[in-house]
file upload10.txt (compact mmCIF, C-alpha atoms and all ligand atoms)
# COMPACT_ATOMS: atom_id res chain seq x y z
CA MET Z 1 5.62 -0.68 -2.84
CA ASN Z 2 8.43 -2.61 -4.44
CA GLU Z 3 9.87 -4.44 -1.47
CA ARG Z 4 8.18 -7.43 0.06
CA ASN Z 5 7.44 -7.57 3.77
CA LEU Z 6 7.32 -11.17 4.95
CA ILE Z 7 7.33 -10.26 8.63
CA GLY Z 8 4.30 -8.06 9.18
CA TYR Z 9 2.93 -7.89 12.72
CA GLY Z 10 4.22 -11.34 13.70
CA PRO Z 11 2.83 -13.34 16.64
CA GLN Z 12 1.64 -10.34 18.67
CA PRO Z 13 -0.39 -8.12 16.37
CA PRO Z 14 -1.58 -4.75 17.66
CA ASP Z 15 -4.95 -4.45 19.36
CA PRO Z 16 -7.08 -2.71 16.73
CA ARG Z 17 -9.36 -1.33 19.48
CA TRP Z 18 -12.39 -1.72 17.22
CA PRO Z 19 -15.40 0.43 18.08
CA GLY Z 20 -17.46 -1.03 20.91
CA ASN Z 21 -14.56 -3.31 21.81
CA ALA Z 22 -15.66 -5.64 19.05
CA ARG Z 23 -13.82 -8.97 18.88
CA ILE Z 24 -14.04 -9.03 15.13
CA ALA Z 25 -14.65 -6.52 12.34
CA ILE Z 26 -16.57 -8.05 9.45
CA GLN Z 27 -16.51 -6.40 6.05
CA PHE Z 28 -18.61 -7.62 3.11
CA VAL Z 29 -17.56 -6.58 -0.40
CA LEU Z 30 -20.02 -6.66 -3.28
CA ASN Z 31 -18.16 -6.59 -6.60
CA ILE Z 32 -19.92 -4.71 -9.41
CA GLU Z 33 -18.19 -5.94 -12.57
CA GLU Z 34 -20.75 -7.14 -15.07
CA GLY Z 35 -20.57 -5.46 -18.47
CA ALA Z 36 -16.93 -4.47 -18.01
CA GLU Z 37 -15.52 -7.95 -18.60
CA SER Z 38 -13.53 -8.89 -21.70
CA SER Z 39 -15.65 -8.83 -24.84
CA VAL Z 40 -15.10 -8.09 -28.52
CA LEU Z 41 -18.00 -5.65 -28.09
CA ASN Z 42 -15.74 -3.71 -25.74
CA GLY Z 43 -12.93 -3.74 -28.29
CA ASP Z 44 -11.10 -6.64 -26.65
CA ALA Z 45 -9.50 -9.46 -28.62
CA TYR Z 46 -11.35 -12.21 -26.75
CA SER Z 47 -14.48 -13.17 -24.90
CA GLU Z 48 -14.21 -13.40 -21.12
CA ALA Z 49 -12.35 -16.43 -19.78
CA TYR Z 50 -12.63 -15.93 -16.06
CA LEU Z 51 -15.23 -16.29 -13.28
CA HIS Z 52 -18.19 -17.59 -15.20
CA GLU Z 53 -20.08 -20.87 -14.79
CA LEU Z 54 -18.29 -22.84 -17.55
CA LEU Z 55 -14.86 -23.37 -16.08
CA GLY Z 56 -12.22 -24.09 -18.72
CA ARG Z 57 -14.33 -22.95 -21.67
CA PRO Z 58 -11.93 -21.72 -24.38
CA VAL Z 59 -12.15 -18.01 -25.17
CA ARG Z 60 -13.47 -16.92 -28.56
CA GLU Z 61 -12.28 -14.19 -30.90
CA LYS Z 62 -15.93 -13.28 -31.31
CA ARG Z 63 -18.86 -12.80 -29.00
CA ASP Z 64 -19.63 -15.63 -26.59
CA PHE Z 65 -23.33 -15.14 -25.95
CA SER Z 66 -23.48 -17.75 -23.20
CA VAL Z 67 -20.71 -16.14 -21.17
CA GLU Z 68 -22.08 -12.64 -21.77
CA SER Z 69 -25.45 -13.84 -20.56
CA MET Z 70 -24.02 -15.41 -17.41
CA TYR Z 71 -22.45 -12.07 -16.58
CA GLU Z 72 -25.72 -10.27 -17.28
CA TYR Z 73 -27.39 -12.37 -14.59
CA GLY Z 74 -25.31 -10.46 -12.07
CA SER Z 75 -26.38 -6.95 -13.04
CA ARG Z 76 -29.97 -7.83 -14.00
CA THR Z 77 -30.90 -10.11 -11.12
CA GLY Z 78 -28.21 -11.24 -8.71
CA VAL Z 79 -27.12 -7.83 -7.47
CA TRP Z 80 -30.70 -7.01 -6.45
CA ARG Z 81 -31.07 -10.22 -4.47
CA ILE Z 82 -27.85 -9.59 -2.55
CA LEU Z 83 -28.74 -5.95 -1.89
CA GLN Z 84 -32.11 -7.06 -0.57
CA LEU Z 85 -30.47 -9.48 1.89
CA PHE Z 86 -28.28 -6.72 3.30
CA ASN Z 87 -30.89 -3.97 3.20
CA ASP Z 88 -33.48 -6.17 4.95
CA ARG Z 89 -31.02 -6.64 7.80
CA GLY Z 90 -29.72 -3.08 7.81
CA LEU Z 91 -26.20 -4.35 7.12
CA PRO Z 92 -23.61 -2.29 5.22
CA LEU Z 93 -21.56 -3.30 2.20
CA THR Z 94 -18.58 -1.90 0.42
CA ALA Z 95 -19.05 -2.16 -3.34
CA PHE Z 96 -15.95 -2.62 -5.44
CA ALA Z 97 -17.42 -0.93 -8.51
CA VAL Z 98 -15.89 -1.15 -11.98
CA GLY Z 99 -16.42 2.17 -13.76
CA GLN Z 100 -17.80 0.75 -16.98
CA ALA Z 101 -20.12 -1.65 -15.16
CA LEU Z 102 -21.64 1.22 -13.19
CA GLU Z 103 -21.97 3.34 -16.35
CA ARG Z 104 -23.99 0.55 -17.96
CA ASN Z 105 -26.30 0.10 -15.00
CA PRO Z 106 -26.30 3.35 -13.01
CA GLU Z 107 -29.40 2.19 -11.13
CA ILE Z 108 -27.09 -0.09 -9.15
CA GLY Z 109 -25.13 2.98 -8.06
CA ALA Z 110 -28.32 4.73 -6.96
CA ALA Z 111 -29.39 1.66 -4.98
CA LEU Z 112 -26.00 1.43 -3.27
CA VAL Z 113 -26.32 5.07 -2.24
CA ALA Z 114 -29.90 4.56 -1.03
CA GLY Z 115 -28.75 1.60 1.08
CA LYS Z 116 -25.96 3.72 2.58
CA HIS Z 117 -23.32 1.38 1.23
CA GLU Z 118 -19.80 2.47 0.37
CA ILE Z 119 -18.69 2.59 -3.27
CA ALA Z 120 -14.98 2.03 -3.87
CA GLY Z 121 -13.20 1.98 -7.23
CA HIS Z 122 -12.38 -1.33 -8.95
CA GLY Z 123 -10.82 -0.23 -12.26
CA TYR Z 124 -12.56 1.14 -15.32
CA ARG Z 125 -12.52 -2.27 -17.00
CA TRP Z 126 -12.65 -5.66 -15.34
CA LEU Z 127 -9.43 -7.03 -16.74
CA ASP Z 128 -5.81 -7.69 -15.98
CA TYR Z 129 -4.04 -4.33 -15.63
CA SER Z 130 -0.58 -5.90 -15.63
CA ASN Z 131 -0.64 -5.77 -19.44
CA ILE Z 132 -2.02 -2.25 -19.75
CA PRO Z 133 0.29 0.76 -20.30
CA GLU Z 134 0.79 3.05 -17.32
CA ASN Z 135 -0.78 6.10 -18.95
CA ILE Z 136 -3.95 4.18 -19.75
CA GLU Z 137 -4.13 2.75 -16.24
CA ARG Z 138 -3.72 6.26 -14.79
CA ARG Z 139 -6.53 7.53 -17.02
CA HIS Z 140 -8.74 4.57 -16.08
CA ILE Z 141 -8.31 5.27 -12.36
CA GLN Z 142 -9.26 8.94 -12.83
CA LEU Z 143 -12.17 8.04 -15.09
CA THR Z 144 -13.53 5.53 -12.56
CA LEU Z 145 -13.33 8.03 -9.71
CA GLU Z 146 -15.20 10.56 -11.87
CA ILE Z 147 -17.89 8.08 -12.92
CA ILE Z 148 -18.54 6.99 -9.33
CA GLU Z 149 -18.68 10.59 -8.16
CA ARG Z 150 -21.11 11.46 -10.94
CA ILE Z 151 -23.41 8.48 -10.42
CA CYS Z 152 -23.16 8.11 -6.64
CA GLY Z 153 -22.60 11.72 -5.60
CA LYS Z 154 -19.43 11.04 -3.65
CA ARG Z 155 -15.85 10.49 -4.68
CA PRO Z 156 -14.54 7.09 -3.55
CA VAL Z 157 -11.98 6.91 -0.77
CA GLY Z 158 -11.09 3.27 -1.42
CA TRP Z 159 -9.67 1.27 -4.28
CA TYR Z 160 -9.15 -2.35 -5.38
CA THR Z 161 -7.87 -3.15 -8.87
CA GLY Z 162 -7.73 -6.91 -8.40
CA ARG Z 163 -5.36 -7.87 -11.19
CA CYS Z 164 -3.08 -4.92 -10.58
CA SER Z 165 0.05 -3.82 -12.41
CA THR Z 166 3.49 -2.91 -11.14
CA HIS Z 167 2.32 0.73 -11.33
CA THR Z 168 -1.00 0.47 -9.48
CA HIS Z 169 0.15 1.27 -5.94
CA ARG Z 170 2.21 4.27 -7.04
CA LEU Z 171 -0.52 5.64 -9.30
CA LEU Z 172 -2.98 5.47 -6.39
CA SER Z 173 -0.57 7.15 -4.00
CA GLU Z 174 -0.48 10.11 -6.41
CA ILE Z 175 -4.23 10.67 -6.04
CA ASP Z 176 -5.62 12.94 -3.34
CA GLY Z 177 -8.50 11.62 -1.32
CA ILE Z 178 -7.77 7.90 -1.59
CA LEU Z 179 -7.63 6.74 2.04
CA TYR Z 180 -6.98 3.06 1.47
CA SER Z 181 -6.36 0.38 -1.10
CA SER Z 182 -7.13 -3.32 -0.88
CA ASP Z 183 -4.82 -4.92 -3.44
CA ALA Z 184 -3.27 -7.24 -0.85
CA TYR Z 185 -4.13 -10.58 0.69
CA ASN Z 186 -1.37 -10.81 3.27
CA ASP Z 187 -2.88 -9.94 6.65
CA ASP Z 188 -5.93 -10.02 8.92
CA LEU Z 189 -5.40 -6.40 9.92
CA PRO Z 190 -4.88 -3.12 8.08
CA TYR Z 191 -1.33 -1.84 7.87
CA TRP Z 192 0.69 1.07 6.56
CA VAL Z 193 3.16 0.96 3.70
CA ASN Z 194 5.83 3.61 3.62
CA GLY Z 195 6.31 5.30 0.29
CA SER Z 196 6.71 8.95 -0.60
CA SER Z 197 3.76 9.24 1.78
CA PRO Z 198 2.40 6.37 3.89
CA SER Z 199 -0.50 4.47 2.35
CA LEU Z 200 -3.04 2.39 4.20
CA ILE Z 201 -3.69 -1.15 3.03
CA ILE Z 202 -6.88 -2.92 4.06
CA PRO Z 203 -6.25 -6.46 2.85
CA TYR Z 204 -8.91 -8.32 0.88
CA THR Z 205 -9.43 -12.06 0.44
CA LEU Z 206 -9.78 -14.63 -2.31
CA VAL Z 207 -10.44 -17.30 0.35
CA ASN Z 208 -13.65 -15.99 1.94
CA ASN Z 209 -14.81 -15.21 -1.56
CA ASP Z 210 -17.66 -16.59 -3.63
CA ALA Z 211 -15.32 -16.53 -6.67
CA ARG Z 212 -14.25 -19.93 -5.40
CA TYR Z 213 -17.54 -21.41 -6.61
CA LEU Z 214 -16.12 -20.82 -10.10
CA LEU Z 215 -12.50 -21.82 -9.55
CA PRO Z 216 -10.94 -25.31 -9.70
CA ASN Z 217 -11.29 -27.16 -6.38
CA GLY Z 218 -13.61 -24.45 -5.11
CA PHE Z 219 -16.98 -24.59 -3.37
CA ARG Z 220 -19.39 -27.06 -4.95
CA CYS Z 221 -22.45 -25.78 -3.16
CA GLY Z 222 -23.70 -23.20 -0.71
CA ASP Z 223 -23.06 -25.43 2.29
CA GLU Z 224 -19.35 -25.45 1.51
CA PHE Z 225 -19.20 -21.66 1.24
CA TYR Z 226 -21.25 -21.29 4.42
CA GLN Z 227 -19.09 -23.76 6.34
CA SER Z 228 -15.91 -22.04 5.20
CA LEU Z 229 -17.20 -18.62 6.25
CA LYS Z 230 -18.47 -19.98 9.56
CA ASP Z 231 -15.13 -21.67 10.35
CA ALA Z 232 -13.26 -18.45 9.57
CA PHE Z 233 -15.64 -16.46 11.76
CA ASP Z 234 -15.49 -18.97 14.63
CA LEU Z 235 -11.70 -19.01 14.70
CA LEU Z 236 -11.40 -15.22 14.49
CA TRP Z 237 -14.01 -14.93 17.21
CA GLN Z 238 -11.91 -17.16 19.50
CA GLU Z 239 -8.71 -15.28 18.67
CA GLY Z 240 -10.55 -12.02 19.11
CA GLU Z 241 -10.63 -12.41 22.87
CA GLN Z 242 -6.92 -11.62 22.83
CA TYR Z 243 -6.18 -10.40 19.32
CA PRO Z 244 -9.16 -8.93 17.46
CA LYS Z 245 -8.91 -9.07 13.66
CA MET Z 246 -10.90 -8.23 10.60
CA MET Z 247 -12.66 -10.64 8.25
CA SER Z 248 -13.28 -9.69 4.63
CA ILE Z 249 -15.86 -11.53 2.54
CA GLY Z 250 -16.05 -11.12 -1.25
CA LEU Z 251 -19.36 -11.44 -3.14
CA HIS Z 252 -20.52 -11.07 -6.75
CA GLY Z 253 -24.02 -10.58 -8.18
CA ARG Z 254 -23.47 -13.20 -10.89
CA ILE Z 255 -22.24 -15.72 -8.28
CA SER Z 256 -23.88 -15.41 -4.84
CA GLY Z 257 -26.88 -13.72 -6.46
CA HIS Z 258 -28.10 -17.14 -7.65
CA PRO Z 259 -30.84 -18.40 -5.34
CA ALA Z 260 -29.11 -21.48 -3.90
CA ARG Z 261 -25.98 -19.51 -3.16
CA ALA Z 262 -27.92 -16.57 -1.75
CA MET Z 263 -29.43 -19.00 0.79
CA ALA Z 264 -25.92 -19.85 2.01
CA LEU Z 265 -25.12 -16.17 2.37
CA MET Z 266 -28.40 -15.60 4.22
CA ARG Z 267 -27.56 -18.40 6.67
CA PHE Z 268 -24.18 -16.83 7.37
CA LEU Z 269 -25.71 -13.38 7.95
CA ASP Z 270 -28.22 -14.93 10.35
CA TYR Z 271 -25.42 -16.79 12.13
CA ILE Z 272 -23.22 -13.76 12.80
CA GLN Z 273 -26.12 -11.52 13.74
CA ASP Z 274 -26.65 -13.70 16.84
CA TYR Z 275 -23.28 -12.54 18.20
CA ASP Z 276 -22.57 -9.39 20.17
CA SER Z 277 -19.23 -7.65 19.86
CA VAL Z 278 -19.15 -8.01 16.09
CA TRP Z 279 -18.55 -4.85 14.10
CA ILE Z 280 -20.13 -5.26 10.65
CA CYS Z 281 -18.90 -2.24 8.76
CA ARG Z 282 -17.82 -0.59 5.54
CA ARG Z 283 -14.20 -0.55 4.51
CA GLU Z 284 -14.07 3.25 4.74
CA GLU Z 285 -15.03 2.96 8.43
CA ILE Z 286 -12.11 0.62 9.02
CA ALA Z 287 -9.88 3.12 7.21
CA GLY Z 288 -11.18 6.03 9.29
CA HIS Z 289 -10.70 4.04 12.49
CA TRP Z 290 -7.17 3.00 11.56
CA ILE Z 291 -6.13 6.50 10.56
CA ALA Z 292 -7.47 7.89 13.85
CA LYS Z 293 -6.28 5.19 16.24
CA HIS Z 294 -3.22 3.76 14.49
CA PRO Z 295 -1.63 6.59 12.49
CA PRO Z 296 1.50 5.79 10.53
CA VAL Z 297 4.83 5.99 12.28
CA ILE Z 298 6.91 8.23 10.07
CA ARG Z 299 10.46 6.97 9.74
CA THR Z 300 13.02 9.71 9.28
ZN ZN N 1 -13.73 -7.91 -8.33

call {"tool": "encode", "arguments": {"input": "upload10.txt", "output": "structure tokens"}}
result
Amino acid sequence: MNERNLIGYGPQPPDPRWPGNARIAIQFVLNIEEGAESSVLNGDAYSEAYLHELLGRPVREKRDFSVESMYEYGSRTGVWRILQLFNDRGLPLTAFAVGQALERNPEIGAALVAGKHEIAGHGYRWLDYSNIPENIERRHIQLTLEIIERICGKRPVGWYTGRCSTHTHRLLSEIDGILYSSDAYNDDLPYWVNGSSPSLIIPYTLVNNDARYLLPNGFRCGDEFYQSLKDAFDLLWQEGEQYPKMMSIGLHGRISGHPARAMALMRFLDYIQDYDSVWICRREEIAGHWIAKHPPVIRT
């Protein structure tokens, strides 16, 4: 995928024909990353700089116990609170699971399976793959697929690196069984990319994403996250009468798993559950639907 496509579907996107004639497909992602972040304990040069509670804190060339501990909140506590919210309501998630994070807390994998959630791959380490050699990235993708299969009993069909490299899309297209990848932010609907074989992209979001609590000019409190999600839902619901779309929402145990933020998430779940014609689903279901109803047009 080397060429950019700035045109996409344009003003008249296709009717996705979601199951049950839903006006909107809603897809919650739970990122499982904690323990795989940058750390000298992991052999990295620096402590983690990104997506923790102390924005702007300089990295250290030694352990940063405060940052490590903030990450640990996610895998020890936050993930369980978020899972409870979804399990109580019988709502599905797609986990973007980092291989090393799952290895260090396999109980999370078992709980995801028990809750009938999807587990997609999210790299072996939670770091920027743009600086990592191609052969290591290839090995990390394979390793992550193997770890998830071992812990969760099923090989992932979906993938999201996050900070991907120039090789990521091609490396994924070489792997059998990957139905979709989500390393894109450029649409409200899935789409096909033509390569040696067509690959399905299910775009993700850094807008409807709790990461913005920890980014400059982001959400200051749960009300702001809730209002942003509600506005996105309300607009897509209106548009959905004519042009149904999908809405992705990104969550993290160490972020939305904190009580005040979990309340905001709970309010949003309660809000959307009052609507009919909403398809709350896993990403693999969107992939299956798109492959069946909107197969790629092969250009010859
Ligand atoms: Zn992530």

call {"tool": "residues_near_ligand", "arguments": {"input": "upload10.txt", "ligand": "ligand ZN 1 (chain N)", "cutoff": "12 Å", "atoms": "all atoms listed in the file", "output": "JSON, numbers by chain"}}
result
{"Z": [29, 30, 31, 32, 33, 34, 36, 37, 50, 51, 94, 95, 96, 97, 98, 99, 101, 120, 121, 122, 123, 124, 125, 126, 127, 128, 159, 160, 161, 162, 163, 164, 182, 183, 204, 205, 206, 209, 210, 211, 249, 250, 251, 252, 253, 254, 255]}

call {"tool": "residues_around", "arguments": {"input": "upload10.txt", "residues": "Arg138 (chain Z)", "least_positions_apart": "3", "cutoff": "12 Å", "atoms": "only C-alpha atoms", "output": "ChimeraX atom specification"}}
result
/Z:123-124,129,132-135,141-145,161,164-165,167-175

call {"tool": "atom_distance", "arguments": {"input": "upload10.txt", "atom1": "CA of Ala260 (chain Z)", "atom2": "CA of Asn105 (chain Z)"}}
result
24.4 Å

call {"tool": "closest_residue", "arguments": {"input": "upload10.txt", "among": "Z:Gln242, Z:Ile119, Z:Lys62, Z:Ile7", "to": "Asn42 (chain Z)", "atoms": "all atoms listed in the file"}}
result
Z:Lys62

call {"tool": "closest_residue", "arguments": {"input": "upload10.txt", "among": "Z:Arg17, Z:Arg282, Z:Lys245, Z:Lys116", "to": "Phe233 (chain Z)", "atoms": "all atoms listed in the file"}}
result
Z:Lys245

call {"tool": "atom_distance", "arguments": {"input": "upload10.txt", "atom1": "CA of Ser277 (chain Z)", "atom2": "CA of Leu91 (chain Z)"}}
result
14.9 Å

call {"tool": "closest_residue", "arguments": {"input": "upload10.txt", "among": "Z:Leu6, Z:Glu72, Z:Leu214, Z:Cys152", "to": "Gly56 (chain Z)", "atoms": "only C-alpha atoms"}}
result
Z:Leu214

call {"tool": "atom_distance", "arguments": {"input": "upload10.txt", "atom1": "CA of Glu53 (chain Z)", "atom2": "CA of Met70 (chain Z)"}}
result
7.2 Å

call {"tool": "closest_residue", "arguments": {"input": "upload10.txt", "among": "Z:Arg76, Z:Gly158, Z:Arg104, Z:Asp15", "to": "Ala287 (chain Z)", "atoms": "only C-alpha atoms"}}
result
Z:Gly158

call {"tool": "residues_around", "arguments": {"input": "upload10.txt", "residues": "Val157 (chain Z)", "least_positions_apart": "4", "cutoff": "8 Å", "atoms": "all atoms listed in the file", "output": "list in words"}}
result
Ala120, Gly177, Ile178, Leu179, Tyr180 and Glu284 of chain Z

call {"tool": "write_last_selection", "arguments": {"input": "upload10.txt", "atoms": "C-alpha atoms", "output": "tab-separated table (two decimals), in the frame of the given file"}}
result
chain	number	residue	atom	x	y	z
Z	120	ALA	CA	-14.98	2.03	-3.87
Z	177	GLY	CA	-8.50	11.62	-1.32
Z	178	ILE	CA	-7.77	7.90	-1.59
Z	179	LEU	CA	-7.63	6.74	2.04
Z	180	TYR	CA	-6.98	3.06	1.47
Z	284	GLU	CA	-14.07	3.25	4.74

call {"tool": "closest_residue", "arguments": {"input": "upload10.txt", "among": "Z:Ser130, Z:Gln273, Z:Ser199, Z:Ser228", "to": "Ile298 (chain Z)", "atoms": "only C-alpha atoms"}}
result
Z:Ser199

call {"tool": "residues_near_point", "arguments": {"input": "upload10.txt", "point": "(-6.3, -10.7, 7.4)", "cutoff": "9 Å", "atoms": "all atoms listed in the file", "output": "number ranges by chain"}}
result
Z: 185-190, 202-205, 245-248

call {"tool": "residues_near_point", "arguments": {"input": "upload10.txt", "point": "(-28.2, -8.4, -3.3)", "cutoff": "9 Å", "atoms": "only C-alpha atoms", "output": "ChimeraX atom specification"}}
result
/Z:30,77-87,252-253,256-257,262

call {"tool": "residues_around", "arguments": {"input": "upload10.txt", "residues": "Gly153 (chain Z)", "least_positions_apart": "2", "cutoff": "12 Å", "atoms": "all atoms listed in the file", "output": "list in words"}}
result
Pro106, Gly109, Ala110, Leu112, Val113, Ala114, Lys116, Glu118, Ile119, Leu145, Glu146, Ile147, Ile148, Glu149, Arg150, Ile151, Arg155 and Pro156 of chain Z

call {"tool": "closest_residue", "arguments": {"input": "upload10.txt", "among": "Z:Ile24, Z:Ser39, Z:Ile136, Z:Arg261", "to": "Glu241 (chain Z)", "atoms": "all atoms listed in the file"}}
result
Z:Ile24
